$ cat data_28.cif   # mmCIF, C-alpha atoms
data_model
#
loop_
_atom_site.label_atom_id
_atom_site.label_comp_id
_atom_site.auth_asym_id
_atom_site.auth_seq_id
_atom_site.Cartn_x
_atom_site.Cartn_y
_atom_site.Cartn_z
CA MET A 214 -31.30 8.02 -34.29
CA VAL A 215 -27.64 7.37 -33.68
CA VAL A 216 -26.63 4.85 -31.06
CA TRP A 217 -23.24 5.68 -29.65
CA SER A 218 -20.83 2.92 -28.85
CA LEU A 219 -19.57 2.88 -25.29
CA GLN A 220 -16.07 3.78 -26.49
CA ASP A 221 -17.49 6.83 -28.29
CA GLU A 222 -19.44 7.86 -25.21
CA LEU A 223 -16.34 7.62 -23.05
CA ALA A 224 -14.28 9.56 -25.59
CA ALA A 225 -16.91 12.32 -25.70
CA PHE A 226 -17.07 12.46 -21.89
CA VAL A 227 -13.29 12.94 -21.74
CA ALA A 228 -13.15 15.42 -24.64
CA GLU A 229 -15.88 17.66 -23.18
CA ARG A 230 -13.86 17.97 -19.99
CA ASP A 231 -10.50 18.31 -21.75
CA TRP A 232 -9.19 15.45 -19.61
CA ALA A 233 -7.10 13.63 -22.24
CA GLN A 234 -4.13 15.66 -20.97
CA PHE A 235 -4.29 13.73 -17.66
CA HIS A 236 -4.84 10.33 -19.28
CA SER A 237 -1.32 9.19 -20.01
CA PRO A 238 -1.04 5.39 -20.06
CA GLU A 239 0.89 5.61 -16.79
CA ASN A 240 -1.79 7.68 -15.04
CA LEU A 241 -4.49 5.33 -16.31
CA ALA A 242 -2.56 2.30 -15.04
CA LYS A 243 -2.29 4.00 -11.63
CA SER A 244 -6.02 4.74 -11.77
CA ILE A 245 -6.84 1.11 -12.50
CA ALA A 246 -4.80 0.01 -9.47
CA ILE A 247 -6.44 2.65 -7.27
CA GLU A 248 -9.95 1.60 -8.31
CA ALA A 249 -9.03 -2.09 -7.96
CA GLY A 250 -8.17 -1.25 -4.34
CA GLU A 251 -11.59 0.32 -3.84
CA LEU A 252 -13.26 -2.74 -5.34
CA LEU A 253 -11.25 -4.96 -3.00
CA GLU A 254 -12.38 -2.80 -0.08
CA CYS A 255 -15.90 -4.20 -0.60
CA PHE A 256 -14.43 -7.53 0.57
CA GLN A 257 -11.94 -6.23 3.17
CA TRP A 258 -13.33 -8.02 6.21
CA SER A 259 -15.69 -10.53 4.67
CA ALA A 260 -16.34 -12.60 1.56
CA GLU A 261 -19.84 -11.13 1.49
CA ALA A 262 -20.22 -7.71 -0.06
CA ASP A 263 -22.91 -5.26 -0.99
CA VAL A 264 -23.64 -6.07 -4.66
CA GLU A 265 -24.60 -2.52 -5.56
CA ARG A 266 -21.27 -1.21 -4.28
CA VAL A 267 -19.40 -3.99 -6.11
CA ARG A 268 -21.11 -3.00 -9.37
CA GLU A 269 -20.08 0.62 -8.97
CA GLU A 270 -16.47 -0.10 -8.06
CA LEU A 271 -16.18 -2.70 -10.84
CA ALA A 272 -17.56 -0.08 -13.25
CA ASP A 273 -14.78 2.30 -12.18
CA VAL A 274 -12.07 -0.29 -12.85
CA LEU A 275 -13.65 -1.11 -16.23
CA THR A 276 -13.93 2.56 -17.19
CA TYR A 277 -10.22 3.17 -16.70
CA CYS A 278 -9.43 -0.12 -18.49
CA MET A 279 -11.43 1.05 -21.50
CA LEU A 280 -9.77 4.46 -21.46
CA LEU A 281 -6.35 2.80 -21.37
CA ALA A 282 -7.31 0.45 -24.21
CA GLN A 283 -8.43 3.45 -26.24
CA ARG A 284 -5.22 5.34 -25.40
CA ILE A 285 -2.96 2.53 -26.62
CA GLY A 286 -5.18 1.77 -29.63
CA ALA A 287 -6.31 -1.65 -28.42
CA ASP A 288 -9.74 -3.22 -28.72
CA PRO A 289 -10.76 -4.45 -25.24
CA ASP A 290 -12.59 -7.55 -26.49
CA GLN A 291 -9.81 -8.43 -28.92
CA ILE A 292 -7.01 -8.30 -26.34
CA VAL A 293 -9.06 -10.45 -23.97
CA ARG A 294 -9.58 -13.00 -26.76
CA ASP A 295 -5.88 -12.92 -27.69
CA LYS A 296 -4.86 -13.47 -24.09
CA LEU A 297 -7.42 -16.25 -23.69
CA ALA A 298 -5.75 -18.11 -26.58
CA ILE A 299 -2.41 -17.89 -24.74
CA THR A 300 -3.95 -18.95 -21.43
CA ARG A 301 -5.61 -21.96 -23.08
CA GLU A 302 -2.14 -23.17 -24.10
CA LYS A 303 -0.67 -22.59 -20.65
CA TYR A 304 -3.54 -24.33 -18.88
CA PRO A 305 -4.54 -27.42 -20.91
CA VAL A 306 -7.88 -28.82 -19.73
CA GLU A 307 -6.49 -32.23 -18.76
CA LYS A 308 -3.77 -30.73 -16.51
CA SER A 309 -5.63 -27.81 -14.95
CA ARG A 310 -9.11 -29.24 -14.46
CA GLY A 311 -10.34 -28.48 -10.93
CA ARG A 312 -6.98 -27.08 -9.84
CA SER A 313 -6.03 -23.50 -9.00
CA ALA A 314 -2.27 -24.10 -9.27
CA LYS A 315 -0.21 -21.75 -11.43
CA TYR A 316 0.81 -23.10 -14.84
CA ASP A 317 4.45 -23.53 -13.78
CA ALA A 318 3.33 -25.72 -10.88
CA LEU A 319 0.94 -27.95 -12.86
CA MET B 224 -21.27 -20.82 -38.30
CA VAL B 225 -21.85 -19.64 -34.78
CA VAL B 226 -19.92 -16.65 -33.50
CA TRP B 227 -19.49 -16.87 -29.76
CA SER B 228 -19.71 -13.77 -27.67
CA LEU B 229 -16.68 -13.04 -25.54
CA GLN B 230 -18.70 -13.69 -22.39
CA ASP B 231 -19.67 -17.13 -23.74
CA GLU B 232 -16.08 -17.90 -24.64
CA LEU B 233 -14.92 -16.96 -21.15
CA ALA B 234 -17.69 -19.02 -19.57
CA ALA B 235 -16.73 -22.06 -21.67
CA PHE B 236 -13.05 -21.63 -20.81
CA VAL B 237 -13.90 -21.65 -17.09
CA ALA B 238 -16.41 -24.51 -17.35
CA GLU B 239 -14.00 -26.80 -19.22
CA ARG B 240 -11.47 -26.38 -16.41
CA ASP B 241 -14.06 -26.58 -13.61
CA TRP B 242 -12.74 -23.31 -12.24
CA ALA B 243 -16.03 -21.69 -11.22
CA GLN B 244 -15.42 -23.15 -7.75
CA PHE B 245 -12.46 -20.75 -7.32
CA HIS B 246 -14.24 -17.74 -8.80
CA SER B 247 -16.05 -16.32 -5.80
CA PRO B 248 -16.61 -12.56 -6.13
CA GLU B 249 -14.00 -12.07 -3.40
CA ASN B 250 -11.35 -14.14 -5.19
CA LEU B 251 -12.08 -12.33 -8.46
CA ALA B 252 -11.75 -8.96 -6.73
CA LYS B 253 -8.38 -10.07 -5.33
CA SER B 254 -7.39 -11.25 -8.81
CA ILE B 255 -8.28 -7.88 -10.34
CA ALA B 256 -6.08 -6.11 -7.76
CA ILE B 257 -3.21 -8.56 -8.36
CA GLU B 258 -3.36 -8.09 -12.13
CA ALA B 259 -3.69 -4.32 -11.74
CA GLY B 260 -0.39 -4.49 -9.84
CA GLU B 261 1.22 -6.35 -12.74
CA LEU B 262 -0.10 -3.76 -15.18
CA LEU B 263 1.32 -1.01 -12.99
CA GLU B 264 4.67 -2.81 -12.98
CA CYS B 265 5.00 -1.91 -16.69
CA PHE B 266 5.31 1.69 -15.47
CA GLN B 267 7.25 1.09 -12.24
CA TRP B 268 10.34 3.17 -13.04
CA SER B 269 9.23 5.12 -16.09
CA ALA B 270 6.20 6.62 -17.81
CA GLU B 271 7.27 4.77 -20.95
CA ALA B 272 6.30 1.13 -21.21
CA ASP B 273 6.45 -1.72 -23.65
CA VAL B 274 3.07 -1.57 -25.41
CA GLU B 275 2.87 -5.29 -26.03
CA ARG B 276 3.33 -6.01 -22.33
CA VAL B 277 0.74 -3.36 -21.42
CA ARG B 278 -1.79 -5.01 -23.77
CA GLU B 279 -1.26 -8.40 -22.13
CA GLU B 280 -1.50 -7.12 -18.58
CA LEU B 281 -4.52 -4.97 -19.39
CA ALA B 282 -6.12 -8.06 -20.94
CA ASP B 283 -5.61 -9.92 -17.64
CA VAL B 284 -7.31 -7.16 -15.64
CA LEU B 285 -10.18 -7.05 -18.14
CA THR B 286 -10.59 -10.83 -18.10
CA TYR B 287 -11.10 -10.92 -14.34
CA CYS B 288 -13.39 -7.88 -14.55
CA MET B 289 -15.57 -9.71 -17.07
CA LEU B 290 -15.60 -12.86 -14.96
CA LEU B 291 -16.66 -10.83 -11.92
CA ALA B 292 -19.37 -9.06 -13.94
CA GLN B 293 -20.64 -12.45 -15.08
CA ARG B 294 -20.51 -13.80 -11.52
CA ILE B 295 -22.65 -10.97 -10.11
CA GLY B 296 -24.98 -10.93 -13.11
CA ALA B 297 -23.91 -7.53 -14.40
CA ASP B 298 -23.42 -6.45 -18.00
CA PRO B 299 -19.96 -4.80 -18.23
CA ASP B 300 -21.00 -2.17 -20.79
CA GLN B 301 -24.17 -1.36 -18.91
CA ILE B 302 -22.50 -0.78 -15.54
CA VAL B 303 -19.90 1.46 -17.19
CA ARG B 304 -22.72 3.49 -18.82
CA ASP B 305 -24.63 3.68 -15.53
CA LYS B 306 -21.54 4.89 -13.70
CA LEU B 307 -20.77 7.39 -16.46
CA ALA B 308 -24.19 8.96 -15.91
CA ILE B 309 -23.35 9.42 -12.21
CA THR B 310 -19.90 10.79 -12.98
CA ARG B 311 -21.35 13.30 -15.46
CA GLU B 312 -23.44 14.72 -12.60
CA LYS B 313 -20.48 14.86 -10.22
CA TYR B 314 -18.20 16.51 -12.76
CA PRO B 315 -20.22 19.11 -14.72
CA VAL B 316 -18.34 20.29 -17.81
CA GLU B 317 -18.17 23.92 -16.75
CA LYS B 318 -16.64 23.12 -13.35
CA SER B 319 -14.29 20.30 -14.27
CA ARG B 320 -12.98 21.36 -17.67
CA GLY B 321 -9.20 21.01 -17.78
CA ARG B 322 -8.94 20.18 -14.08
CA SER B 323 -7.98 16.91 -12.41
CA ALA B 324 -9.39 17.89 -8.99
CA LYS B 325 -11.73 15.49 -7.23
CA TYR B 326 -15.41 16.43 -7.35
CA ASP B 327 -15.48 17.42 -3.67
CA ALA B 328 -12.66 19.90 -4.33
CA LEU B 329 -14.16 21.49 -7.47
CA MET C 246 31.93 -2.93 16.07
CA VAL C 247 29.32 -0.71 14.52
CA VAL C 248 25.75 -1.92 14.28
CA TRP C 249 24.00 -0.30 11.35
CA SER C 250 20.40 0.67 11.67
CA LEU C 251 18.09 -0.83 9.08
CA GLN C 252 17.51 2.60 7.56
CA ASP C 253 21.28 3.05 7.17
CA GLU C 254 21.61 -0.38 5.58
CA LEU C 255 18.86 0.40 3.09
CA ALA C 256 20.38 3.78 2.29
CA ALA C 257 23.79 2.17 1.66
CA PHE C 258 22.21 -0.51 -0.54
CA VAL C 259 20.57 2.17 -2.68
CA ALA C 260 23.64 4.45 -2.76
CA GLU C 261 25.99 1.67 -3.89
CA ARG C 262 23.71 1.00 -6.87
CA ASP C 263 23.03 4.68 -7.59
CA TRP C 264 19.33 3.96 -7.47
CA ALA C 265 18.14 7.11 -5.67
CA GLN C 266 17.51 8.58 -9.14
CA PHE C 267 14.67 6.06 -9.63
CA HIS C 268 13.24 6.47 -6.14
CA SER C 269 10.92 9.43 -6.55
CA PRO C 270 8.04 9.33 -4.05
CA GLU C 271 5.72 8.54 -6.97
CA ASN C 272 7.80 5.57 -8.16
CA LEU C 273 8.06 4.27 -4.59
CA ALA C 274 4.28 4.56 -4.14
CA LYS C 275 3.83 2.57 -7.37
CA SER C 276 6.34 0.01 -6.10
CA ILE C 277 4.45 -0.39 -2.81
CA ALA C 278 1.21 -1.06 -4.74
CA ILE C 279 2.97 -3.53 -7.05
CA GLU C 280 4.48 -5.46 -4.14
CA ALA C 281 1.17 -5.35 -2.25
CA GLY C 282 -0.32 -7.11 -5.28
CA GLU C 283 2.35 -9.82 -5.08
CA LEU C 284 1.66 -10.26 -1.37
CA LEU C 285 -2.04 -10.58 -2.12
CA GLU C 286 -1.24 -13.21 -4.75
CA CYS C 287 -0.21 -15.53 -1.89
CA PHE C 288 -3.91 -15.54 -0.97
CA GLN C 289 -5.44 -15.38 -4.47
CA TRP C 290 -7.43 -18.61 -4.37
CA SER C 291 -7.33 -19.50 -0.68
CA ALA C 292 -7.10 -18.04 2.79
CA GLU C 293 -4.20 -20.41 3.43
CA ALA C 294 -0.82 -19.34 2.17
CA ASP C 295 2.77 -20.48 2.26
CA VAL C 296 4.24 -18.58 5.25
CA GLU C 297 7.72 -18.36 3.79
CA ARG C 298 6.39 -16.70 0.64
CA VAL C 299 4.24 -14.32 2.72
CA ARG C 300 7.33 -13.26 4.69
CA GLU C 301 9.26 -12.48 1.52
CA GLU C 302 6.46 -10.53 -0.14
CA LEU C 303 5.71 -8.65 3.07
CA ALA C 304 9.42 -7.80 3.30
CA ASP C 305 9.23 -6.29 -0.21
CA VAL C 306 6.27 -4.09 0.72
CA LEU C 307 8.03 -3.01 3.93
CA THR C 308 11.28 -2.25 2.10
CA TYR C 309 9.60 0.18 -0.28
CA CYS C 310 7.62 1.68 2.62
CA MET C 311 10.87 2.37 4.45
CA LEU C 312 12.48 3.84 1.35
CA LEU C 313 9.48 6.13 0.86
CA ALA C 314 9.56 7.16 4.53
CA GLN C 315 13.25 7.98 4.16
CA ARG C 316 12.59 9.89 0.93
CA ILE C 317 9.97 12.14 2.52
CA GLY C 318 11.91 12.49 5.77
CA ALA C 319 9.46 10.58 7.93
CA ASP C 320 10.22 8.16 10.73
CA PRO C 321 8.24 4.94 10.04
CA ASP C 322 7.51 4.20 13.70
CA GLN C 323 6.55 7.79 14.42
CA ILE C 324 4.03 8.09 11.58
CA VAL C 325 2.43 4.81 12.62
CA ARG C 326 2.11 6.11 16.20
CA ASP C 327 0.72 9.44 14.98
CA LYS C 328 -1.86 7.69 12.83
CA LEU C 329 -2.75 5.33 15.68
CA ALA C 330 -3.64 8.34 17.83
CA ILE C 331 -6.03 9.55 15.10
CA THR C 332 -7.53 6.08 14.64
CA ARG C 333 -8.12 5.76 18.39
CA GLU C 334 -10.29 8.86 18.23
CA LYS C 335 -12.22 7.64 15.19
CA TYR C 336 -12.83 4.20 16.68
CA PRO C 337 -13.61 4.59 20.39
CA VAL C 338 -13.47 1.24 22.20
CA GLU C 339 -17.10 1.31 23.30
CA LYS C 340 -18.42 1.90 19.78
CA SER C 341 -16.08 -0.28 17.75
CA ARG C 342 -15.57 -3.28 20.00
CA GLY C 343 -16.00 -6.51 18.01
CA ARG C 344 -17.20 -4.67 14.91
CA SER C 345 -15.47 -4.26 11.55
CA ALA C 346 -17.70 -1.37 10.42
CA LYS C 347 -16.06 1.78 9.12
CA TYR C 348 -16.01 4.73 11.52
CA ASP C 349 -18.66 6.64 9.55
CA ALA C 350 -21.03 3.66 9.91
CA LEU C 351 -20.50 3.10 13.64
CA MET D 212 7.72 4.82 33.43
CA VAL D 213 7.21 2.09 30.89
CA VAL D 214 7.85 2.84 27.24
CA TRP D 215 5.75 0.62 25.06
CA SER D 216 7.16 -0.73 21.86
CA LEU D 217 5.17 0.10 18.76
CA GLN D 218 4.28 -3.57 18.32
CA ASP D 219 2.89 -3.64 21.88
CA GLU D 220 0.91 -0.47 21.28
CA LEU D 221 -0.61 -1.92 18.12
CA ALA D 222 -1.42 -5.19 19.88
CA ALA D 223 -3.14 -3.32 22.71
CA PHE D 224 -5.11 -1.19 20.25
CA VAL D 225 -6.39 -4.32 18.53
CA ALA D 226 -7.07 -6.23 21.78
CA GLU D 227 -9.11 -3.39 23.30
CA ARG D 228 -11.39 -3.43 20.27
CA ASP D 229 -11.50 -7.23 19.98
CA TRP D 230 -10.42 -6.92 16.36
CA ALA D 231 -8.02 -9.88 16.16
CA GLN D 232 -10.99 -11.92 14.88
CA PHE D 233 -10.95 -9.84 11.67
CA HIS D 234 -7.18 -9.88 11.28
CA SER D 235 -6.59 -13.12 9.42
CA PRO D 236 -3.42 -13.00 7.30
CA GLU D 237 -5.64 -12.91 4.20
CA ASN D 238 -7.69 -9.94 5.44
CA LEU D 239 -4.51 -8.10 6.41
CA ALA D 240 -3.00 -8.74 2.96
CA LYS D 241 -6.17 -7.33 1.39
CA SER D 242 -5.96 -4.34 3.74
CA ILE D 243 -2.34 -3.67 2.73
CA ALA D 244 -3.36 -3.67 -0.96
CA ILE D 245 -6.33 -1.39 -0.26
CA GLU D 246 -4.19 1.12 1.66
CA ALA D 247 -1.46 0.91 -1.00
CA GLY D 248 -4.13 2.02 -3.49
CA GLU D 249 -4.99 5.00 -1.29
CA LEU D 250 -1.32 5.92 -1.05
CA LEU D 251 -1.04 5.70 -4.83
CA GLU D 252 -4.07 7.98 -5.13
CA CYS D 253 -1.90 10.81 -3.77
CA PHE D 254 0.01 10.53 -7.06
CA GLN D 255 -2.90 9.68 -9.40
CA TRP D 256 -2.61 12.65 -11.76
CA SER D 257 0.76 14.08 -10.85
CA ALA D 258 4.19 13.20 -9.50
CA GLU D 259 3.72 15.95 -6.93
CA ALA D 260 1.71 15.10 -3.86
CA ASP D 261 0.67 16.62 -0.59
CA VAL D 262 3.33 15.37 1.87
CA GLU D 263 0.99 15.34 4.84
CA ARG D 264 -1.45 13.08 3.01
CA VAL D 265 1.39 10.82 1.86
CA ARG D 266 2.56 10.42 5.48
CA GLU D 267 -0.92 9.41 6.61
CA GLU D 268 -1.50 6.92 3.82
CA LEU D 269 1.98 5.46 4.21
CA ALA D 270 1.27 5.09 7.92
CA ASP D 271 -1.85 3.06 7.08
CA VAL D 272 0.11 0.70 4.82
CA LEU D 273 2.81 0.32 7.49
CA THR D 274 0.25 -0.33 10.22
CA TYR D 275 -1.29 -3.27 8.37
CA CYS D 276 2.19 -4.53 7.47
CA MET D 277 3.12 -4.56 11.15
CA LEU D 278 -0.11 -6.28 12.10
CA LEU D 279 0.52 -8.96 9.46
CA ALA D 280 4.10 -9.41 10.63
CA GLN D 281 2.81 -9.84 14.19
CA ARG D 282 0.15 -12.28 13.01
CA ILE D 283 2.65 -14.56 11.25
CA GLY D 284 5.25 -14.21 14.00
CA ALA D 285 7.77 -12.27 11.93
CA ASP D 286 9.96 -9.37 13.02
CA PRO D 287 9.48 -6.54 10.47
CA ASP D 288 13.09 -5.35 10.62
CA GLN D 289 14.46 -8.88 10.41
CA ILE D 290 12.48 -9.90 7.33
CA VAL D 291 13.54 -6.70 5.57
CA ARG D 292 17.19 -7.47 6.40
CA ASP D 293 16.80 -11.08 5.25
CA LYS D 294 15.26 -9.97 1.96
CA LEU D 295 17.95 -7.34 1.50
CA ALA D 296 20.59 -10.06 1.64
CA ILE D 297 18.80 -11.93 -1.15
CA THR D 298 18.37 -8.78 -3.22
CA ARG D 299 22.08 -7.94 -2.85
CA GLU D 300 22.86 -11.28 -4.51
CA LYS D 301 20.37 -10.73 -7.31
CA TYR D 302 21.55 -7.21 -8.01
CA PRO D 303 25.36 -7.12 -7.76
CA VAL D 304 26.66 -3.55 -7.65
CA GLU D 305 28.74 -3.85 -10.81
CA LYS D 306 25.80 -5.09 -12.91
CA SER D 307 22.97 -3.01 -11.52
CA ARG D 308 24.65 0.35 -10.89
CA GLY D 309 22.52 3.17 -12.29
CA ARG D 310 20.07 0.77 -13.98
CA SER D 311 16.45 0.05 -13.14
CA ALA D 312 16.32 -3.20 -15.13
CA LYS D 313 14.97 -6.33 -13.44
CA TYR D 314 17.58 -8.85 -12.34
CA ASP D 315 16.65 -11.30 -15.09
CA ALA D 316 17.30 -8.58 -17.69
CA LEU D 317 20.66 -7.39 -16.31
#

$ encode --input "data_28.cif" --output "structure tokens"
Amino acid sequence: MVVWSLQDELAAFVAERDWAQFHSPENLAKSIAIEAGELLECFQWSAEADVERVREELADVLTYCMLLAQRIGADPDQIVRDKLAITREKYPVEKSRGRSAKYDAL
Amino acid sequence: MVVWSLQDELAAFVAERDWAQFHSPENLAKSIAIEAGELLECFQWSAEADVERVREELADVLTYCMLLAQRIGADPDQIVRDKLAITREKYPVEKSRGRSAKYDAL
Amino acid sequence: MVVWSLQDELAAFVAERDWAQFHSPENLAKSIAIEAGELLECFQWSAEADVERVREELADVLTYCMLLAQRIGADPDQIVRDKLAITREKYPVEKSRGRSAKYDAL
Amino acid sequence: MVVWSLQDELAAFVAERDWAQFHSPENLAKSIAIEAGELLECFQWSAEADVERVREELADVLTYCMLLAQRIGADPDQIVRDKLAITREKYPVEKSRGRSAKYDAL
């Protein structure tokens, strides 16, 4: 039995539908922003939201993020780790502990 | 040697800085939308973008997505797979092949 | 003395810089989303925000909205009034009073 | 006959429905981002969009912008003019003519 990776599953889903033609990096970036708006809509009038709806909208944002990563040849986990290393430098524990201020205001 | 999972690394990064207090689902959803705007800015005036910048901004969106997944107890890969199953139903291959129309217009 | 309308001032600002070439409706829609993200950033970690910063970011969103209205030949005030008439129908006072529910859940 | 200003019409619309309670600056900023996402959706897969739909979605963004302006006591036209004065300084005609580069890259 072959277990498909999520990236392979997404690639097959797109290929079957011949949708790669629509998935330029620009269109995928627009799609991420659109879906991020729908996720935010779960919290439009209240900090409380329906968890099931949040899961679905978050899944939509993540799906387009993974498609964009694939399109630009990036590994999602790796770019998150790389960015985390940068963020660790910008927000040293001793300066940022318990504070939400931006690094240039620390 | 212990290899940390990305989720564990992110959790440690947040814990060290005592930032969980700021990471309500609502604030994380706002953060995803904010970072999605910065990603989109790479494509503001052109379909061409600096790949390095796209990687960094995509990493920021992904980071907040993973933090939100963690916060609501969802597995990022699993919710993407679950949503993919729904999307497969909404967009059958024979109807959606080569078309970017929304499912209710197919 | 001639008092310029705001729309005329914006048009002159763009013409002087020869920027109309960048202002396709699509690019302006992206710009509105980008600036909306920056406005949201004022409220990223708290409901309280610096009013001066909110004014500036709101001004950026409004500027691109006006440029898009101009580009598609729409009068900003008129389209808001037209949409208000539709919204009044969807949200009758007796059903929607004191409730934030969406019209299809009223 | 009394002609109502648009701001008065919007205020009356909100008052009749007792919706001011939901219209915190933060909620309005979220609403602007959500509607900006819907506007962007008109251009998700193509630079061409249905003009009627664009008008409606733009109207939604503008409506929340006006409500936020009202809420923070700002005059929409005035803040756009104020910001335009700042932008004129940042983008002098001779440096920015025909270029879409950001001011810090001019």

$ axis_aligned_box --input "data_28.cif" --around "region 248-260 of chain B" --padding-each-side "6 Å" --output "lines of an AutoDock Vina configuration file"
center_x = -8.5
center_y = -9.2
center_z = -7.8
size_x = 28.2
size_y = 21.8
size_z = 20.7

$ closest_residue --input "data_28.cif" --among "C:Trp264, C:Phe288, C:Phe258, C:Trp249" --to "chain A" --atoms "all atoms listed in the file"
C:Phe288

$ residues_around --input "data_28.cif" --residues "Ala259 (chain B)" --least-positions-apart "6" --cutoff "10 Å" --atoms "all atoms listed in the file" --output "short mmCIF file (atom, residue, chain, number, x, y, z; two decimals) with C-alpha atoms, keeping the file's coordinate frame"
data_model
loop_
_atom_site.label_atom_id
_atom_site.label_comp_id
_atom_site.auth_asym_id
_atom_site.auth_seq_id
_atom_site.Cartn_x
_atom_site.Cartn_y
_atom_site.Cartn_z
CA ALA A 242 -2.56 2.30 -15.04
CA LYS A 243 -2.29 4.00 -11.63
CA SER A 244 -6.02 4.74 -11.77
CA ILE A 245 -6.84 1.11 -12.50
CA ALA A 246 -4.80 0.01 -9.47
CA ILE A 247 -6.44 2.65 -7.27
CA GLU A 248 -9.95 1.60 -8.31
CA ALA A 249 -9.03 -2.09 -7.96
CA GLY A 250 -8.17 -1.25 -4.34
CA VAL A 274 -12.07 -0.29 -12.85
CA CYS A 278 -9.43 -0.12 -18.49
CA LYS B 253 -8.38 -10.07 -5.33
CA GLU B 280 -1.50 -7.12 -18.58
CA LEU B 281 -4.52 -4.97 -19.39
CA ASP B 283 -5.61 -9.92 -17.64
CA VAL B 284 -7.31 -7.16 -15.64
CA LEU B 285 -10.18 -7.05 -18.14
CA ALA C 278 1.21 -1.06 -4.74
CA ILE C 279 2.97 -3.53 -7.05
CA GLY C 282 -0.32 -7.11 -5.28
#

$ atom_distance --input "data_28.cif" --atom1 "CA of Leu319 (chain A)" --atom2 "CA of Lys303 (chain A)"
9.6 Å

$ residues_around --input "data_28.cif" --residues "Asp221 (chain A)" --least-positions-apart "5" --cutoff "12 Å" --atoms "all atoms listed in the file" --output "list of chain:residue names"
A:Val215, A:Val216, A:Phe226, A:Val227, A:Ala228, A:Met279, A:Leu280, A:Gln283, B:Arg304

$ closest_residue --input "data_28.cif" --among "A:Ala282, A:Ala233, A:Leu219, A:Ser309" --to "chain D" --atoms "only C-alpha atoms"
A:Ala233

$ interface_residues --input "data_28.cif" --of "chain C" --to "chain D" --cutoff "6 Å" --atoms "only C-alpha atoms" --output "ChimeraX atom specification"
/C:262-264,271,274,278,281,285,292,304,324-325,338,342-343

$ atom_distance --input "data_28.cif" --atom1 "CA of Glu334 (chain C)" --atom2 "CA of Asp349 (chain C)"
12.3 Å

$ atom_distance --input "data_28.cif" --atom1 "CA of Arg316 (chain C)" --atom2 "CA of Arg264 (chain D)"
14.5 Å

$ decode --input "data_28.cif" --residues "region 268-289 of chain B" --atoms "C-alpha atoms" --output "PDB file, in the first residue's frame"
ATOM      1  CA  TRP B 268       1.886  46.055  -9.175  1.00  0.00           C
ATOM      2  CA  SER B 269       3.059  43.015 -11.099  1.00  0.00           C
ATOM      3  CA  ALA B 270       2.577  39.269 -11.463  1.00  0.00           C
ATOM      4  CA  GLU B 271       6.335  38.912 -11.070  1.00  0.00           C
ATOM      5  CA  ALA B 272       7.701  38.939  -7.550  1.00  0.00           C
ATOM      6  CA  ASP B 273      10.949  38.481  -5.717  1.00  0.00           C
ATOM      7  CA  VAL B 274      10.933  34.785  -4.770  1.00  0.00           C
ATOM      8  CA  GLU B 275      12.936  35.263  -1.607  1.00  0.00           C
ATOM      9  CA  ARG B 276      10.448  37.817  -0.319  1.00  0.00           C
ATOM     10  CA  VAL B 277       7.522  35.545  -1.255  1.00  0.00           C
ATOM     11  CA  ARG B 278       9.092  32.685   0.737  1.00  0.00           C
ATOM     12  CA  GLU B 279       9.426  34.877   3.824  1.00  0.00           C
ATOM     13  CA  GLU B 280       5.922  36.282   3.658  1.00  0.00           C
ATOM     14  CA  LEU B 281       4.428  32.866   2.941  1.00  0.00           C
ATOM     15  CA  ALA B 282       6.346  31.549   5.955  1.00  0.00           C
ATOM     16  CA  ASP B 283       4.680  34.225   8.115  1.00  0.00           C
ATOM     17  CA  VAL B 284       1.199  33.232   6.946  1.00  0.00           C
ATOM     18  CA  LEU B 285       2.001  29.554   7.525  1.00  0.00           C
ATOM     19  CA  THR B 286       3.410  30.236  10.990  1.00  0.00           C
ATOM     20  CA  TYR B 287       0.205  31.885  12.184  1.00  0.00           C
ATOM     21  CA  CYS B 288      -1.854  29.147  10.513  1.00  0.00           C
ATOM     22  CA  MET B 289       0.078  26.518  12.465  1.00  0.00           C
TER      23      MET B 289
END
